[in-house]
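A.B. asks: Sharing input-v2.pdb below, PDB, C-alpha atoms, pLDDT in the B column:
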```pdb
MODEL        1
ATOM      1  CA  MET R   1       0.000   0.000   0.000  1.00 87.00           C
ATOM      2  CA  PRO R   2       1.558   3.343  -1.026  1.00 88.00           C
ATOM      3  CA  HIS R   3       1.997   6.157   1.486  1.00 94.00           C
ATOM      4  CA  PRO R   4      -1.031   8.493   1.422  1.00 95.00           C
ATOM      5  CA  THR R   5       1.135  11.477   0.424  1.00 96.00           C
ATOM      6  CA  LEU R   6       2.598   9.709  -2.612  1.00 96.00           C
ATOM      7  CA  LEU R   7       1.093  11.333  -5.677  1.00 97.00           C
ATOM      8  CA  ASP R   8      -1.364   9.195  -7.626  1.00 96.00           C
ATOM      9  CA  ARG R   9      -1.792  10.320 -11.210  1.00 95.00           C
ATOM     10  CA  GLU R  10      -5.367   9.004 -11.275  1.00 96.00           C
ATOM     11  CA  HIS R  11      -6.348  11.538  -8.595  1.00 97.00           C
ATOM     12  CA  SER R  12      -3.948  14.413  -9.324  1.00 98.00           C
ATOM     13  CA  GLY R  13      -4.544  17.815 -10.828  1.00 98.00           C
ATOM     14  CA  VAL R  14      -2.236  20.723 -11.626  1.00 98.00           C
ATOM     15  CA  LEU R  15      -2.910  24.405 -11.053  1.00 98.00           C
ATOM     16  CA  VAL R  16      -0.643  27.005 -12.676  1.00 98.00           C
ATOM     17  CA  VAL R  17      -0.968  30.365 -10.955  1.00 98.00           C
ATOM     18  CA  ASP R  18      -0.295  33.640 -12.785  1.00 98.00           C
ATOM     19  CA  VAL R  19       2.952  33.000 -14.689  1.00 98.00           C
ATOM     20  CA  GLN R  20       2.543  36.197 -16.687  1.00 97.00           C
ATOM     21  CA  GLU R  21       4.798  38.370 -18.830  1.00 94.00           C
ATOM     22  CA  LYS R  22       5.041  41.428 -16.568  1.00 95.00           C
ATOM     23  CA  LEU R  23       5.408  39.386 -13.375  1.00 94.00           C
ATOM     24  CA  ILE R  24       8.001  36.926 -14.657  1.00 96.00           C
ATOM     25  CA  ARG R  25      10.451  39.735 -15.467  1.00 94.00           C
ATOM     26  CA  LEU R  26      10.677  40.517 -11.744  1.00 95.00           C
ATOM     27  CA  ILE R  27      11.463  36.951 -10.677  1.00 97.00           C
ATOM     28  CA  PRO R  28      15.118  35.928 -10.124  1.00 95.00           C
ATOM     29  CA  ASN R  29      16.141  32.946 -12.280  1.00 94.00           C
ATOM     30  CA  SER R  30      12.826  33.248 -14.099  1.00 96.00           C
ATOM     31  CA  GLN R  31      13.887  31.088 -17.042  1.00 94.00           C
ATOM     32  CA  ARG R  32      14.688  28.230 -14.670  1.00 95.00           C
ATOM     33  CA  LEU R  33      11.219  28.574 -13.130  1.00 97.00           C
ATOM     34  CA  VAL R  34       9.563  28.564 -16.570  1.00 97.00           C
ATOM     35  CA  ASN R  35      11.601  25.504 -17.605  1.00 95.00           C
ATOM     36  CA  ASN R  36      10.588  23.648 -14.436  1.00 96.00           C
ATOM     37  CA  ILE R  37       6.908  24.453 -14.909  1.00 98.00           C
ATOM     38  CA  ARG R  38       7.129  23.525 -18.595  1.00 96.00           C
ATOM     39  CA  PHE R  39       8.681  20.172 -17.650  1.00 95.00           C
ATOM     40  CA  LEU R  40       5.834  19.351 -15.279  1.00 97.00           C
ATOM     41  CA  LEU R  41       3.197  20.453 -17.783  1.00 97.00           C
ATOM     42  CA  GLN R  42       4.744  18.165 -20.406  1.00 96.00           C
ATOM     43  CA  VAL R  43       4.617  15.262 -17.955  1.00 96.00           C
ATOM     44  CA  ALA R  44       1.020  16.101 -17.015  1.00 97.00           C
ATOM     45  CA  ARG R  45       0.044  16.128 -20.680  1.00 96.00           C
ATOM     46  CA  LEU R  46       1.830  12.813 -21.289  1.00 95.00           C
ATOM     47  CA  LEU R  47       0.014  11.199 -18.366  1.00 96.00           C
ATOM     48  CA  GLN R  48      -3.330  12.957 -19.067  1.00 96.00           C
ATOM     49  CA  ILE R  49      -3.422  14.745 -15.727  1.00 97.00           C
ATOM     50  CA  PRO R  50      -5.944  17.613 -15.611  1.00 97.00           C
ATOM     51  CA  VAL R  51      -4.458  21.117 -15.650  1.00 97.00           C
ATOM     52  CA  GLN R  52      -6.044  24.459 -14.844  1.00 97.00           C
ATOM     53  CA  ALA R  53      -4.437  27.886 -15.029  1.00 98.00           C
ATOM     54  CA  THR R  54      -5.140  31.454 -13.993  1.00 98.00           C
ATOM     55  CA  GLU R  55      -4.020  34.958 -14.888  1.00 97.00           C
ATOM     56  CA  GLN R  56      -4.079  37.815 -12.403  1.00 96.00           C
ATOM     57  CA  TYR R  57      -5.547  40.938 -14.038  1.00 95.00           C
ATOM     58  CA  PRO R  58      -4.078  40.223 -17.502  1.00 93.00           C
ATOM     59  CA  LYS R  59      -4.936  43.711 -18.778  1.00 94.00           C
ATOM     60  CA  GLY R  60      -2.302  45.084 -16.421  1.00 93.00           C
ATOM     61  CA  LEU R  61       0.081  42.129 -15.977  1.00 94.00           C
ATOM     62  CA  GLY R  62      -0.031  40.692 -19.475  1.00 94.00           C
ATOM     63  CA  PRO R  63      -0.742  37.160 -20.664  1.00 96.00           C
ATOM     64  CA  THR R  64       0.824  33.905 -19.550  1.00 97.00           C
ATOM     65  CA  VAL R  65       4.403  33.555 -20.838  1.00 97.00           C
ATOM     66  CA  SER R  66       4.432  32.056 -24.322  1.00 95.00           C
ATOM     67  CA  GLU R  67       6.543  28.990 -23.406  1.00 94.00           C
ATOM     68  CA  LEU R  68       3.758  27.882 -21.068  1.00 96.00           C
ATOM     69  CA  ALA R  69       0.681  29.239 -22.843  1.00 95.00           C
ATOM     70  CA  GLU R  70       0.962  26.597 -25.563  1.00 92.00           C
ATOM     71  CA  LEU R  71       0.726  23.839 -22.921  1.00 95.00           C
ATOM     72  CA  LEU R  72      -2.096  25.349 -20.892  1.00 93.00           C
ATOM     73  CA  PRO R  73      -5.837  25.219 -21.310  1.00 73.00           C
ATOM     74  CA  THR R  74      -7.819  28.415 -21.309  1.00 86.00           C
ATOM     75  CA  ARG R  75      -6.490  30.632 -18.548  1.00 95.00           C
ATOM     76  CA  ILE R  76      -9.118  32.025 -16.218  1.00 96.00           C
ATOM     77  CA  GLU R  77      -8.864  35.717 -15.390  1.00 97.00           C
ATOM     78  CA  LYS R  78      -8.994  36.714 -11.748  1.00 97.00           C
ATOM     79  CA  LEU R  79      -8.708  39.706  -9.461  1.00 96.00           C
ATOM     80  CA  ASP R  80      -8.696  37.882  -6.117  1.00 97.00           C
ATOM     81  CA  PHE R  81      -5.292  36.598  -5.060  1.00 98.00           C
ATOM     82  CA  SER R  82      -6.618  33.103  -4.301  1.00 98.00           C
ATOM     83  CA  CYS R  83      -7.556  31.031  -7.337  1.00 98.00           C
ATOM     84  CA  CYS R  84     -10.233  29.408  -5.176  1.00 98.00           C
ATOM     85  CA  ALA R  85     -12.252  32.620  -5.353  1.00 97.00           C
ATOM     86  CA  LEU R  86     -13.105  31.301  -8.821  1.00 97.00           C
ATOM     87  CA  PRO R  87     -15.707  28.599  -8.115  1.00 96.00           C
ATOM     88  CA  GLN R  88     -14.864  26.742 -11.333  1.00 97.00           C
ATOM     89  CA  ILE R  89     -11.346  25.937 -10.078  1.00 97.00           C
ATOM     90  CA  VAL R  90     -12.449  23.833  -7.101  1.00 98.00           C
ATOM     91  CA  ALA R  91     -15.485  22.476  -8.979  1.00 98.00           C
ATOM     92  CA  GLY R  92     -13.302  21.478 -11.943  1.00 97.00           C
ATOM     93  CA  PHE R  93     -10.914  19.488  -9.781  1.00 98.00           C
ATOM     94  CA  ARG R  94     -13.777  17.808  -7.930  1.00 98.00           C
ATOM     95  CA  GLN R  95     -15.544  16.873 -11.175  1.00 98.00           C
ATOM     96  CA  GLN R  96     -12.352  15.163 -12.365  1.00 97.00           C
ATOM     97  CA  ASP R  97     -11.872  13.389  -9.014  1.00 97.00           C
ATOM     98  CA  CYS R  98      -8.614  15.239  -8.339  1.00 98.00           C
ATOM     99  CA  ARG R  99      -7.860  14.911  -4.633  1.00 98.00           C
ATOM    100  CA  GLN R 100      -4.176  15.847  -4.859  1.00 98.00           C
ATOM    101  CA  ILE R 101      -3.394  19.238  -6.372  1.00 98.00           C
ATOM    102  CA  VAL R 102       0.060  20.358  -7.513  1.00 98.00           C
ATOM    103  CA  VAL R 103       0.341  24.150  -7.374  1.00 98.00           C
ATOM    104  CA  LEU R 104       2.890  25.976  -9.536  1.00 98.00           C
ATOM    105  CA  GLY R 105       3.436  29.664 -10.224  1.00 98.00           C
ATOM    106  CA  ILE R 106       4.028  33.093  -8.783  1.00 98.00           C
ATOM    107  CA  GLU R 107       4.248  34.713  -6.365  1.00 97.00           C
ATOM    108  CA  THR R 108       4.867  32.228  -3.568  1.00 98.00           C
ATOM    109  CA  HIS R 109       3.822  34.568  -0.751  1.00 98.00           C
ATOM    110  CA  VAL R 110       0.751  36.043  -2.432  1.00 98.00           C
ATOM    111  CA  CYS R 111      -1.397  34.149  -4.940  1.00 98.00           C
ATOM    112  CA  VAL R 112       0.280  30.770  -4.447  1.00 98.00           C
ATOM    113  CA  LEU R 113       0.072  30.959  -0.644  1.00 98.00           C
ATOM    114  CA  GLN R 114      -3.547  32.097  -0.534  1.00 98.00           C
ATOM    115  CA  THR R 115      -4.571  29.507  -3.124  1.00 98.00           C
ATOM    116  CA  VAL R 116      -2.833  26.658  -1.315  1.00 98.00           C
ATOM    117  CA  LEU R 117      -4.390  27.629   2.008  1.00 98.00           C
ATOM    118  CA  ASP R 118      -7.841  27.704   0.425  1.00 98.00           C
ATOM    119  CA  LEU R 119      -7.281  24.333  -1.299  1.00 98.00           C
ATOM    120  CA  LEU R 120      -6.251  22.837   2.048  1.00 98.00           C
ATOM    121  CA  THR R 121      -9.397  24.275   3.615  1.00 98.00           C
ATOM    122  CA  GLU R 122     -11.410  22.657   0.809  1.00 98.00           C
ATOM    123  CA  GLY R 123      -9.965  19.276   1.791  1.00 98.00           C
ATOM    124  CA  PHE R 124      -7.446  18.759  -0.995  1.00 98.00           C
ATOM    125  CA  GLN R 125      -3.961  17.361  -0.421  1.00 98.00           C
ATOM    126  CA  VAL R 126      -1.697  20.063  -1.855  1.00 98.00           C
ATOM    127  CA  HIS R 127       1.820  19.531  -3.208  1.00 98.00           C
ATOM    128  CA  VAL R 128       4.045  22.563  -3.792  1.00 98.00           C
ATOM    129  CA  PRO R 129       7.255  21.996  -5.753  1.00 98.00           C
ATOM    130  CA  VAL R 130       9.759  24.453  -4.310  1.00 98.00           C
ATOM    131  CA  ASP R 131      11.375  24.774  -7.744  1.00 97.00           C
ATOM    132  CA  GLY R 132       8.017  25.373  -9.420  1.00 98.00           C
ATOM    133  CA  VAL R 133       7.037  28.482  -7.439  1.00 98.00           C
ATOM    134  CA  ALA R 134       8.852  31.777  -6.950  1.00 98.00           C
ATOM    135  CA  ALA R 135       8.704  35.317  -5.641  1.00 98.00           C
ATOM    136  CA  ARG R 136      10.589  38.526  -6.338  1.00 97.00           C
ATOM    137  CA  PHE R 137      12.462  38.337  -3.048  1.00 98.00           C
ATOM    138  CA  PRO R 138      13.979  35.235  -1.434  1.00 97.00           C
ATOM    139  CA  VAL R 139      12.729  36.123   2.056  1.00 98.00           C
ATOM    140  CA  ASP R 140       9.112  36.126   0.848  1.00 98.00           C
ATOM    141  CA  HIS R 141       9.572  32.844  -1.032  1.00 98.00           C
ATOM    142  CA  GLU R 142      11.271  31.025   1.854  1.00 98.00           C
ATOM    143  CA  THR R 143       8.920  32.352   4.527  1.00 98.00           C
ATOM    144  CA  ALA R 144       5.851  31.388   2.500  1.00 98.00           C
ATOM    145  CA  LEU R 145       7.214  27.859   1.938  1.00 98.00           C
ATOM    146  CA  ARG R 146       7.851  27.406   5.668  1.00 98.00           C
ATOM    147  CA  ARG R 147       4.369  28.638   6.486  1.00 98.00           C
ATOM    148  CA  LEU R 148       2.749  26.372   3.893  1.00 98.00           C
ATOM    149  CA  GLU R 149       4.628  23.326   5.133  1.00 98.00           C
ATOM    150  CA  CYS R 150       3.616  24.041   8.738  1.00 98.00           C
ATOM    151  CA  LEU R 151      -0.021  24.334   7.681  1.00 97.00           C
ATOM    152  CA  GLY R 152      -0.165  21.046   5.781  1.00 98.00           C
ATOM    153  CA  ALA R 153       1.139  21.556   2.253  1.00 98.00           C
ATOM    154  CA  ILE R 154       3.625  18.960   1.023  1.00 98.00           C
ATOM    155  CA  LEU R 155       6.854  20.504  -0.255  1.00 98.00           C
ATOM    156  CA  THR R 156       8.540  18.653  -3.085  1.00 98.00           C
ATOM    157  CA  THR R 157      10.249  19.245  -6.460  1.00 98.00           C
ATOM    158  CA  VAL R 158       8.999  19.065 -10.041  1.00 97.00           C
ATOM    159  CA  GLU R 159      11.143  16.033 -10.837  1.00 96.00           C
ATOM    160  CA  THR R 160       9.969  14.179  -7.726  1.00 97.00           C
ATOM    161  CA  ILE R 161       6.372  14.780  -8.794  1.00 98.00           C
ATOM    162  CA  GLY R 162       7.052  13.370 -12.252  1.00 96.00           C
ATOM    163  CA  PHE R 163       8.614  10.208 -10.844  1.00 94.00           C
ATOM    164  CA  GLU R 164       5.764   9.767  -8.357  1.00 96.00           C
ATOM    165  CA  TRP R 165       3.183  10.065 -11.120  1.00 96.00           C
ATOM    166  CA  LEU R 166       5.092   7.590 -13.277  1.00 93.00           C
ATOM    167  CA  ARG R 167       5.843   5.075 -10.472  1.00 91.00           C
ATOM    168  CA  ARG R 168       7.843   2.607 -12.588  1.00 89.00           C
ATOM    169  CA  ALA R 169      10.462   2.505 -15.313  1.00 90.00           C
ATOM    170  CA  GLY R 170       8.697  -0.084 -17.435  1.00 85.00           C
ATOM    171  CA  SER R 171       5.556   1.929 -18.111  1.00 83.00           C
ATOM    172  CA  PRO R 172       4.639   2.825 -21.708  1.00 83.00           C
ATOM    173  CA  GLU R 173       5.248   6.535 -20.989  1.00 89.00           C
ATOM    174  CA  PHE R 174       8.703   6.079 -19.481  1.00 90.00           C
ATOM    175  CA  LYS R 175      10.689   6.736 -22.683  1.00 86.00           C
ATOM    176  CA  SER R 176       9.013  10.112 -23.271  1.00 88.00           C
ATOM    177  CA  PHE R 177       9.324  10.968 -19.592  1.00 88.00           C
ATOM    178  CA  SER R 178      13.050  10.199 -19.688  1.00 86.00           C
ATOM    179  CA  GLN R 179      13.446  12.582 -22.620  1.00 88.00           C
ATOM    180  CA  PHE R 180      11.708  15.337 -20.641  1.00 86.00           C
ATOM    181  CA  VAL R 181      14.051  14.686 -17.696  1.00 85.00           C
ATOM    182  CA  GLN R 182      17.108  14.891 -19.971  1.00 87.00           C
ATOM    183  CA  GLN R 183      15.876  18.089 -21.646  1.00 88.00           C
ATOM    184  CA  ARG R 184      15.265  19.692 -18.267  1.00 89.00           C
ATOM    185  CA  ALA R 185      18.702  18.641 -17.031  1.00 87.00           C
ATOM    186  CA  ALA R 186      20.295  20.209 -20.104  1.00 86.00           C
ATOM    187  CA  THR R 187      18.499  23.516 -19.520  1.00 84.00           C
ATOM    188  CA  LEU R 188      19.463  23.531 -15.835  1.00 81.00           C
ATOM    189  CA  ALA R 189      23.121  22.991 -16.767  1.00 78.00           C
ATOM    190  CA  GLN R 190      23.146  26.183 -18.837  1.00 74.00           C
ATOM    191  CA  PRO R 191      24.404  29.305 -17.074  1.00 66.00           C
TER     192      PRO R 191
ENDMDL
END
```
Would you write out, as structure tokens, the structure that this file holds?
C.D. replies:
Amino acid sequence: MPHPTLLDREHSGVLVVDVQEKLIRLIPNSQRLVNNIRFLLQVARLLQIPVQATEQYPKGLGPTVSELAELLPTRIEKLDFSCCALPQIVAGFRQQDCRQIVVLGIETHVCVLQTVLDLLTEGFQVHVPVDGVAARFPVDHETALRRLECLGAILTTVETIGFEWLRRAGSPEFKSFSQFVQQRAATLAQP
């Protein structure tokens, strides 16, 4: 019997929070963040894991970055910091029997934090890859991660999530997954 916090792709969903043009420019190592999110979205697509995405006031902050927009469904506009203020987010995950939600995006201490707290309140198990979320300032990022972990979120990494979803090397999807891992490793090796 697997541990209850081990991700199960049959009951997982992904939420990408506000990775937008004007915000991403302010994030340190932003290309690394985008590459990590892209990696996980590719894996989610490969394994047919439901994905939702939001944009915070896109008229002012611009659209989702192009490298991610091509992998995302329709992005839902919002003004509230928490994505859960949009009833269709929680309802969408429940309709698809997603009990474990992976939250990616920016900023860790604002929209990500408030969304994760609301998802926890709604009864979801929430996984936050520390390399799949970011903030403008390290102190905000680190403090938000500590707070989220104390309040019940499961901190992890994007690669760990991929391997948990896959579970075994002999699966039909393993070859494609391995290529995604190698591509990500190559981008992380670049200065």
A.B. asks: I'd like to see the residues matched by the PyMOL selection byres ((chain R and resi 9) around 10) on this file, and ideally I'd get them as a PyMOL selection string.
C.D. replies: chain R and resi 6-8+10-13+44+47-50+98+100+161-162+164-167
A.B. asks: Please write the residues picked by the PyMOL selection byres ((chain R and resi 79) around 6) on this file as a ChimeraX atom specification.
C.D. replies: /R:56-57,78,80
A.B. asks: Name all residues at most 8 Å from range 110-116 of chain R (count all atoms listed in the file; drop same-chain ones fewer than 4 positions away) and give them as a PDB file with C-alpha atoms, keeping the file's coordinate frame.
C.D. replies:
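Result written to selection-v6.pdb:
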```
ATOM      1  CA  VAL R  17      -0.968  30.365 -10.955  1.00 98.00           C
ATOM      2  CA  ASP R  18      -0.295  33.640 -12.785  1.00 98.00           C
ATOM      3  CA  PHE R  81      -5.292  36.598  -5.060  1.00 98.00           C
ATOM      4  CA  SER R  82      -6.618  33.103  -4.301  1.00 98.00           C
ATOM      5  CA  CYS R  83      -7.556  31.031  -7.337  1.00 98.00           C
ATOM      6  CA  CYS R  84     -10.233  29.408  -5.176  1.00 98.00           C
ATOM      7  CA  VAL R 103       0.341  24.150  -7.374  1.00 98.00           C
ATOM      8  CA  LEU R 104       2.890  25.976  -9.536  1.00 98.00           C
ATOM      9  CA  GLY R 105       3.436  29.664 -10.224  1.00 98.00           C
ATOM     10  CA  ILE R 106       4.028  33.093  -8.783  1.00 98.00           C
ATOM     11  CA  LEU R 120      -6.251  22.837   2.048  1.00 98.00           C
ATOM     12  CA  VAL R 126      -1.697  20.063  -1.855  1.00 98.00           C
ATOM     13  CA  VAL R 133       7.037  28.482  -7.439  1.00 98.00           C
ATOM     14  CA  ALA R 144       5.851  31.388   2.500  1.00 98.00           C
ATOM     15  CA  LEU R 148       2.749  26.372   3.893  1.00 98.00           C
ATOM     16  CA  ALA R 153       1.139  21.556   2.253  1.00 98.00           C
TER      17      ALA R 153
END
```
A.B. asks: How big is the axis-aligned box around all listed atoms of range 80-89 of chain R once 5 Å goes on each side, and where's its centre, in Å to one decimal, as JSON?
C.D. replies:
```
{"center_x": -10.5, "center_y": 31.9, "center_z": -7.8, "size_x": 20.4, "size_y": 21.9, "size_z": 17.0}
```
A.B. asks: Do you have, as JSON lines, the list of residues of range 84-185 of chain R lying at most 8 Å from range 31-39 of chain R, each with its nearest atom pair and that distance in Å to one decimal, counting only C-alpha atoms and ordered by chain then number?
C.D. replies:
```
{"residue": "R:Leu104", "atom": "CA", "partner": "R:Ile37", "partner_atom": "CA", "distance": 6.9}
{"residue": "R:Gly105", "atom": "CA", "partner": "R:Ile37", "partner_atom": "CA", "distance": 7.8}
{"residue": "R:Asp131", "atom": "CA", "partner": "R:Leu33", "partner_atom": "CA", "distance": 6.6}
{"residue": "R:Gly132", "atom": "CA", "partner": "R:Ile37", "partner_atom": "CA", "distance": 5.7}
{"residue": "R:Val133", "atom": "CA", "partner": "R:Leu33", "partner_atom": "CA", "distance": 7.1}
{"residue": "R:Ala134", "atom": "CA", "partner": "R:Leu33", "partner_atom": "CA", "distance": 7.4}
{"residue": "R:Val158", "atom": "CA", "partner": "R:Asn36", "partner_atom": "CA", "distance": 6.5}
{"residue": "R:Phe180", "atom": "CA", "partner": "R:Phe39", "partner_atom": "CA", "distance": 6.4}
{"residue": "R:Val181", "atom": "CA", "partner": "R:Phe39", "partner_atom": "CA", "distance": 7.7}
{"residue": "R:Arg184", "atom": "CA", "partner": "R:Phe39", "partner_atom": "CA", "distance": 6.6}
```
A.B. asks: I'd like the interatomic distance between CA of Glu142 in chain R and CA of Arg45 in chain R, to a tenth of an Å.
C.D. replies: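 Computing it gives 29.3 Å between the two atoms.
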A.B. asks: Do you have the CA of His109 in chain R-CA of Ile89 in chain R distance handy?
C.D. replies: 19.8 Å
A.B. asks: Once the PyMOL selection byres ((chain R and resi 75) around 7) is applied to the coordinates I shared, what remains selected? I want it as number ranges by chain.
C.D. replies: R: 53-55, 73-74, 76-77
A.B. asks: Write out as JSON, numbers by chain the residues lying within 10 Å of Ser176 in chain R, counting all atoms listed in the file and excluding same-chain residues fewer than 6 positions away.
C.D. replies: {"R": [42, 43, 46, 182]}
A.B. asks: Could you name the residues that touch Gln52 in chain R at 7 Å or less, counting all atoms listed in the file, but leaving out those on the same chain fewer than 5 positions away, as JSON, numbers by chain?
C.D. replies: {"R": [14, 15, 16, 73]}
A.B. asks: What is the distance between CA of Gly170 in chain R and CA of Val102 in chain R, in Å to one decimal?
C.D. replies: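 Separation of CA of Gly170 in chain R and CA of Val102 in chain R: 24.3 Å.
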A.B. asks: Can you pull out the residues contacting Leu41 in chain R? Cut-off 8 Å, using only C-alpha atoms, and skip same-chain residues under 6 positions away; I want them as a list in words.
C.D. replies: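 Surrounding residues, per the criterion: Val51, Leu71 and Leu72 of chain R.
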A.B. asks: Output C-alpha atoms for every residue in the selection just made, as a PDB file, keeping the file's coordinate frame.
C.D. replies:
```pdb
ATOM      1  CA  VAL R  51      -4.458  21.117 -15.650  1.00 97.00           C
ATOM      2  CA  LEU R  71       0.726  23.839 -22.921  1.00 95.00           C
ATOM      3  CA  LEU R  72      -2.096  25.349 -20.892  1.00 93.00           C
TER       4      LEU R  72
END
```
A.B. asks: Restricting the calculation to only C-alpha atoms, which member of R:Thr156, R:Gln190, R:Gln179, R:Gln96 is positioned closest to Thr5 in chain R?
C.D. replies: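 Using only C-alpha atoms, the shortest distance to Thr5 in chain R belongs to R:Thr156.
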